[in-house]
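Chemist: Submitted below is the structure of interest, expressed as structure tokens.
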Amino acid sequence: MRSVQDGVAEAERCWASGLNCAESVFRGACFAQGIELGDQAKKMATPLGGGVGRSQDICGALTGGVLAIGASVGRTEPGEDRLRSYDSAGRLYRMFLERLGSTSCSVLNRGDFKSPEHRVRCGTYVCEAARLTVQALRETP
């Protein structure tokens, strides 16, 4: 396992390279947790960018974090525990909402995907979501 800051730095690097918000948080948080992602897993986060397919609904940085929680503590069989992943995801959602004031892409990004300010603004959300994701995972028993 790596530090929270290592995960944030990886998410920031991914964002700077041109990956979207969900991809960046997913990869950064998984990096911090020591999870190696195959290409198939990496692809799963792509359509979540821009609030799910640029619908500007739930923030892609948040959903990327939820994916990372699933990769870290999700289950593979019906009889396995699902509550730890639910608890971690719920904790992330509440912390994200409290810290950023909304979970909605349209509110956070202001409907702007084209300006340079978008990259700066959403880059902040990417870093914060990566930090909160790893924190939520590590605080959930």
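Letters A, B, ... go to the chains of the structure tokens in the order shown; residues in each chain start at 1; ligands are counted from 1 in the same order.
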Can you list every residue in range 1-140 of chain A that DSSP puts in helix (DSSP H, G or I), as JSON, numbers by chain?

Modeler: {"A": [4, 5, 6, 7, 8, 9, 10, 11, 12, 13, 14, 15, 16, 17, 21, 22, 23, 24, 25, 26, 27, 28, 29, 30, 31, 32, 33, 39, 40, 41, 42, 43, 44, 46, 47, 48, 60, 61, 62, 63, 64, 65, 66, 67, 68, 69, 70, 71, 72, 73, 83, 84, 85, 86, 87, 88, 89, 90, 91, 92, 93, 94, 95, 96, 97, 98, 99, 100, 105, 106, 107, 108, 109, 116, 117, 118, 119, 120, 121, 122, 123, 124, 125, 126, 127, 128, 129, 130, 131, 132, 133, 134, 135, 136, 137, 138, 139]}

Chemist: Which residues are near Ala45 in chain A? Cut-off 8 Å, only C-alpha atoms, ignore same chain within fewer than 5 positions. Put them as a ChimeraX atom specification.

Modeler: /A:22-23,26,64,67

Chemist: Could you pull the residues within 7 Å of Ala61 in chain A, counting only C-alpha atoms, minus those fewer than 6 positions along the same chain, as a list of chain:residue names?

Modeler: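 Everything that qualifies: A:Cys21, A:Ala22, A:Val25, A:Tyr125, A:Val126, A:Ala129.
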
Chemist: Could you write out the selected residues, including N, CA and C atoms, as an mmCIF file, in the first residue's frame?

Modeler:
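What landed in result.cif:
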data_model
loop_
_atom_site.group_PDB
_atom_site.id
_atom_site.type_symbol
_atom_site.label_atom_id
_atom_site.label_comp_id
_atom_site.auth_asym_id
_atom_site.auth_seq_id
_atom_site.Cartn_x
_atom_site.Cartn_y
_atom_site.Cartn_z
ATOM 1 N N CYS A 21 -11.758 12.709 -15.673
ATOM 2 C CA CYS A 21 -11.860 12.769 -14.208
ATOM 3 C C CYS A 21 -12.030 11.389 -13.587
ATOM 4 N N ALA A 22 -12.947 10.597 -14.100
ATOM 5 C CA ALA A 22 -13.209 9.270 -13.540
ATOM 6 C C ALA A 22 -11.997 8.355 -13.712
ATOM 7 N N VAL A 25 -9.124 9.495 -11.166
ATOM 8 C CA VAL A 25 -9.361 9.151 -9.761
ATOM 9 C C VAL A 25 -9.295 7.635 -9.583
ATOM 10 N N TYR A 125 -10.924 18.898 -8.319
ATOM 11 C CA TYR A 125 -11.878 17.876 -7.901
ATOM 12 C C TYR A 125 -11.263 16.478 -8.012
ATOM 13 N N VAL A 126 -10.477 16.255 -9.049
ATOM 14 C CA VAL A 126 -9.802 14.970 -9.230
ATOM 15 C C VAL A 126 -8.888 14.681 -8.043
ATOM 16 N N ALA A 129 -11.000 14.137 -4.859
ATOM 17 C CA ALA A 129 -11.719 12.861 -4.896
ATOM 18 C C ALA A 129 -10.769 11.691 -4.673
#

Chemist: Go through A:Arg2, A:Lys114, A:Arg13, A:Lys43 one by one, measure the shortest atom-to-atom distance of each to Cys30 in chain A using only C-alpha atoms, and give the residue with the smallest value.

Modeler: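 Under the stated criterion, the closest residue is A:Arg2.
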
Chemist: Which one of A:Gly74, A:Gly79, A:Gly65, A:Gly123 sits closest to Met95 in chain A if you count only C-alpha atoms?

Modeler: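 Distance minimum relative to Met95 in chain A lands on A:Gly65.
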
Chemist: List the spatial neighbours of Ile58 in chain A as an MDAnalysis selection string - criterion: any atom at most 12 Å away, only C-alpha atoms, same-chain residues fewer than 3 positions off excluded.

Modeler: chainID A and resid 21:22 48:55 61:66 93 96:97 102:109

Chemist: Limited to N, CA and C atoms, could you put the picked residues into a file as a PDB file, in the first residue's frame?

Modeler:
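Resulting contents of out_21.pdb:
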ATOM      1  N   CYS A  21     -11.758  12.709 -15.673  1.00  0.00           N
ATOM      2  CA  CYS A  21     -11.860  12.769 -14.208  1.00  0.00           C
ATOM      3  C   CYS A  21     -12.030  11.389 -13.587  1.00  0.00           C
ATOM      4  N   ALA A  22     -12.947  10.597 -14.100  1.00  0.00           N
ATOM      5  CA  ALA A  22     -13.209   9.270 -13.540  1.00  0.00           C
ATOM      6  C   ALA A  22     -11.997   8.355 -13.712  1.00  0.00           C
ATOM      7  N   LEU A  48     -17.624   7.266 -17.585  1.00  0.00           N
ATOM      8  CA  LEU A  48     -18.134   8.007 -16.428  1.00  0.00           C
ATOM      9  C   LEU A  48     -17.714   9.474 -16.430  1.00  0.00           C
ATOM     10  N   GLY A  49     -16.794   9.838 -17.293  1.00  0.00           N
ATOM     11  CA  GLY A  49     -16.317  11.218 -17.354  1.00  0.00           C
ATOM     12  C   GLY A  49     -17.419  12.194 -17.724  1.00  0.00           C
ATOM     13  N   GLY A  50     -17.290  13.401 -17.181  1.00  0.00           N
ATOM     14  CA  GLY A  50     -18.272  14.448 -17.473  1.00  0.00           C
ATOM     15  C   GLY A  50     -19.625  14.172 -16.852  1.00  0.00           C
ATOM     16  N   GLY A  51     -19.630  13.453 -15.745  1.00  0.00           N
ATOM     17  CA  GLY A  51     -20.900  13.185 -15.071  1.00  0.00           C
ATOM     18  C   GLY A  51     -21.704  12.110 -15.766  1.00  0.00           C
ATOM     19  N   VAL A  52     -21.056  11.058 -16.209  1.00  0.00           N
ATOM     20  CA  VAL A  52     -21.588   9.918 -16.954  1.00  0.00           C
ATOM     21  C   VAL A  52     -21.889  10.335 -18.397  1.00  0.00           C
ATOM     22  N   GLY A  53     -20.921  10.085 -19.243  1.00  0.00           N
ATOM     23  CA  GLY A  53     -21.086  10.368 -20.671  1.00  0.00           C
ATOM     24  C   GLY A  53     -21.364  11.828 -20.970  1.00  0.00           C
ATOM     25  N   ARG A  54     -20.754  12.698 -20.182  1.00  0.00           N
ATOM     26  CA  ARG A  54     -20.947  14.150 -20.292  1.00  0.00           C
ATOM     27  C   ARG A  54     -22.399  14.590 -20.120  1.00  0.00           C
ATOM     28  N   SER A  55     -23.157  13.789 -19.387  1.00  0.00           N
ATOM     29  CA  SER A  55     -24.536  14.179 -19.086  1.00  0.00           C
ATOM     30  C   SER A  55     -24.567  15.232 -17.983  1.00  0.00           C
ATOM     31  N   ALA A  61     -15.401  12.339 -11.082  1.00  0.00           N
ATOM     32  CA  ALA A  61     -14.351  12.114 -10.093  1.00  0.00           C
ATOM     33  C   ALA A  61     -14.888  11.275  -8.938  1.00  0.00           C
ATOM     34  N   LEU A  62     -16.115  11.527  -8.549  1.00  0.00           N
ATOM     35  CA  LEU A  62     -16.750  10.749  -7.484  1.00  0.00           C
ATOM     36  C   LEU A  62     -16.998   9.316  -7.942  1.00  0.00           C
ATOM     37  N   THR A  63     -17.534   9.131  -9.125  1.00  0.00           N
ATOM     38  CA  THR A  63     -17.816   7.771  -9.594  1.00  0.00           C
ATOM     39  C   THR A  63     -16.528   6.993  -9.843  1.00  0.00           C
ATOM     40  N   GLY A  64     -15.467   7.662 -10.251  1.00  0.00           N
ATOM     41  CA  GLY A  64     -14.173   6.991 -10.377  1.00  0.00           C
ATOM     42  C   GLY A  64     -13.693   6.490  -9.030  1.00  0.00           C
ATOM     43  N   GLY A  65     -13.934   7.277  -7.990  1.00  0.00           N
ATOM     44  CA  GLY A  65     -13.595   6.853  -6.641  1.00  0.00           C
ATOM     45  C   GLY A  65     -14.411   5.654  -6.197  1.00  0.00           C
ATOM     46  N   VAL A  66     -15.689   5.645  -6.542  1.00  0.00           N
ATOM     47  CA  VAL A  66     -16.547   4.517  -6.182  1.00  0.00           C
ATOM     48  C   VAL A  66     -16.057   3.247  -6.892  1.00  0.00           C
ATOM     49  N   TYR A  93     -19.084   9.372  -0.526  1.00  0.00           N
ATOM     50  CA  TYR A  93     -20.144  10.267  -1.007  1.00  0.00           C
ATOM     51  C   TYR A  93     -20.371  11.415  -0.023  1.00  0.00           C
ATOM     52  N   PHE A  96     -17.320  13.801   0.120  1.00  0.00           N
ATOM     53  CA  PHE A  96     -17.245  14.574  -1.122  1.00  0.00           C
ATOM     54  C   PHE A  96     -18.266  15.710  -1.093  1.00  0.00           C
ATOM     55  N   LEU A  97     -19.502  15.382  -0.745  1.00  0.00           N
ATOM     56  CA  LEU A  97     -20.568  16.375  -0.681  1.00  0.00           C
ATOM     57  C   LEU A  97     -20.236  17.455   0.351  1.00  0.00           C
ATOM     58  N   SER A 102     -21.357  19.769  -3.494  1.00  0.00           N
ATOM     59  CA  SER A 102     -22.261  19.151  -4.464  1.00  0.00           C
ATOM     60  C   SER A 102     -21.615  17.877  -4.986  1.00  0.00           C
ATOM     61  N   THR A 103     -22.435  16.981  -5.515  1.00  0.00           N
ATOM     62  CA  THR A 103     -21.925  15.794  -6.207  1.00  0.00           C
ATOM     63  C   THR A 103     -22.263  15.870  -7.695  1.00  0.00           C
ATOM     64  N   SER A 104     -22.847  16.978  -8.109  1.00  0.00           N
ATOM     65  CA  SER A 104     -23.313  17.153  -9.476  1.00  0.00           C
ATOM     66  C   SER A 104     -22.255  17.819 -10.358  1.00  0.00           C
ATOM     67  N   CYS A 105     -21.937  17.168 -11.449  1.00  0.00           N
ATOM     68  CA  CYS A 105     -20.985  17.729 -12.407  1.00  0.00           C
ATOM     69  C   CYS A 105     -21.447  19.096 -12.908  1.00  0.00           C
ATOM     70  N   SER A 106     -22.738  19.241 -13.184  1.00  0.00           N
ATOM     71  CA  SER A 106     -23.215  20.515 -13.728  1.00  0.00           C
ATOM     72  C   SER A 106     -23.018  21.658 -12.740  1.00  0.00           C
ATOM     73  N   VAL A 107     -23.124  21.376 -11.455  1.00  0.00           N
ATOM     74  CA  VAL A 107     -22.899  22.403 -10.436  1.00  0.00           C
ATOM     75  C   VAL A 107     -21.409  22.663 -10.272  1.00  0.00           C
ATOM     76  N   LEU A 108     -20.627  21.608 -10.148  1.00  0.00           N
ATOM     77  CA  LEU A 108     -19.197  21.751  -9.907  1.00  0.00           C
ATOM     78  C   LEU A 108     -18.449  22.320 -11.113  1.00  0.00           C
ATOM     79  N   ASN A 109     -18.776  21.833 -12.298  1.00  0.00           N
ATOM     80  CA  ASN A 109     -18.071  22.245 -13.507  1.00  0.00           C
ATOM     81  C   ASN A 109     -18.748  23.395 -14.242  1.00  0.00           C
TER      82      ASN A 109
END

Chemist: Pick out the residues sitting within 7 Å of Gly7 in chain A, and hand them over as a list in words; count only C-alpha atoms, and ignore anything fewer than 5 positions along from it in its own chain.

Modeler: Gly28, Ala29, Phe31, Ala32 and Ala130 of chain A

Chemist: Include C-alpha atoms and write out the residues we just selected as an mmCIF file, in the first residue's frame.

Modeler:
data_model
loop_
_atom_site.group_PDB
_atom_site.id
_atom_site.type_symbol
_atom_site.label_atom_id
_atom_site.label_comp_id
_atom_site.auth_asym_id
_atom_site.auth_seq_id
_atom_site.Cartn_x
_atom_site.Cartn_y
_atom_site.Cartn_z
ATOM 1 C CA GLY A 28 -4.864 7.176 -8.613
ATOM 2 C CA ALA A 29 -6.846 5.585 -5.794
ATOM 3 C CA PHE A 31 -2.391 3.004 -7.231
ATOM 4 C CA ALA A 32 -2.454 4.093 -3.589
ATOM 5 C CA ALA A 130 -8.598 10.681 -5.012
#

Chemist: Using only C-alpha atoms, which residue out of A:Gln56, A:Ala68, A:Arg138, A:Ala89 lies closest to Met44 in chain A?

Modeler: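 Ranked by minimum distance to Met44 in chain A, first place goes to A:Ala68.
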
Chemist: Could you state the separation of CA of Arg27 in chain A and CA of Gln5 in chain A in Å, given to one decimal place?

Modeler: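 These atoms are spaced 13.4 Å apart.
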
Chemist: By how many Å are CA of Val134 in chain A and CA of Glu12 in chain A apart?

Modeler: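 CA of Glu12 in chain A lies at a distance of 14.3 Å from CA of Val134 in chain A.
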
Chemist: Residues within 9 Å of Gln135 in chain A, please, as a list in words. Count only C-alpha atoms; anything in the same chain fewer than 5 positions from it doesn't count.

Modeler: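 Counting only C-alpha atoms, the residues come to Val4, Leu92, Ala130 and Thr140 of chain A.
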
Chemist: Considering only C-alpha atoms, state which residue in the set A:Ala11, A:Leu19, A:Leu100, A:Val73 is at the smallest distance from Ser85 in chain A.

Modeler: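 Distance minimum relative to Ser85 in chain A lands on A:Val73.
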
Chemist: Of the candidates A:Thr76, A:Thr133, A:Thr46, A:Ser88, which one gets nearest to Gly18 in chain A if we count only C-alpha atoms?

Modeler: A:Thr46

Chemist: So the first atom is CA of Ile35 in chain A and the second is CA of Met1 in chain A; what is the distance between them in Å, to one decimal place?

Modeler: 8.5 Å

Chemist: Taking only C-alpha atoms into account, which of A:Arg75, A:Arg91, A:Gln40, A:Arg99 comes nearest Thr124 in chain A?

Modeler: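 Counting only C-alpha atoms, the residue closest to Thr124 in chain A is A:Arg99.
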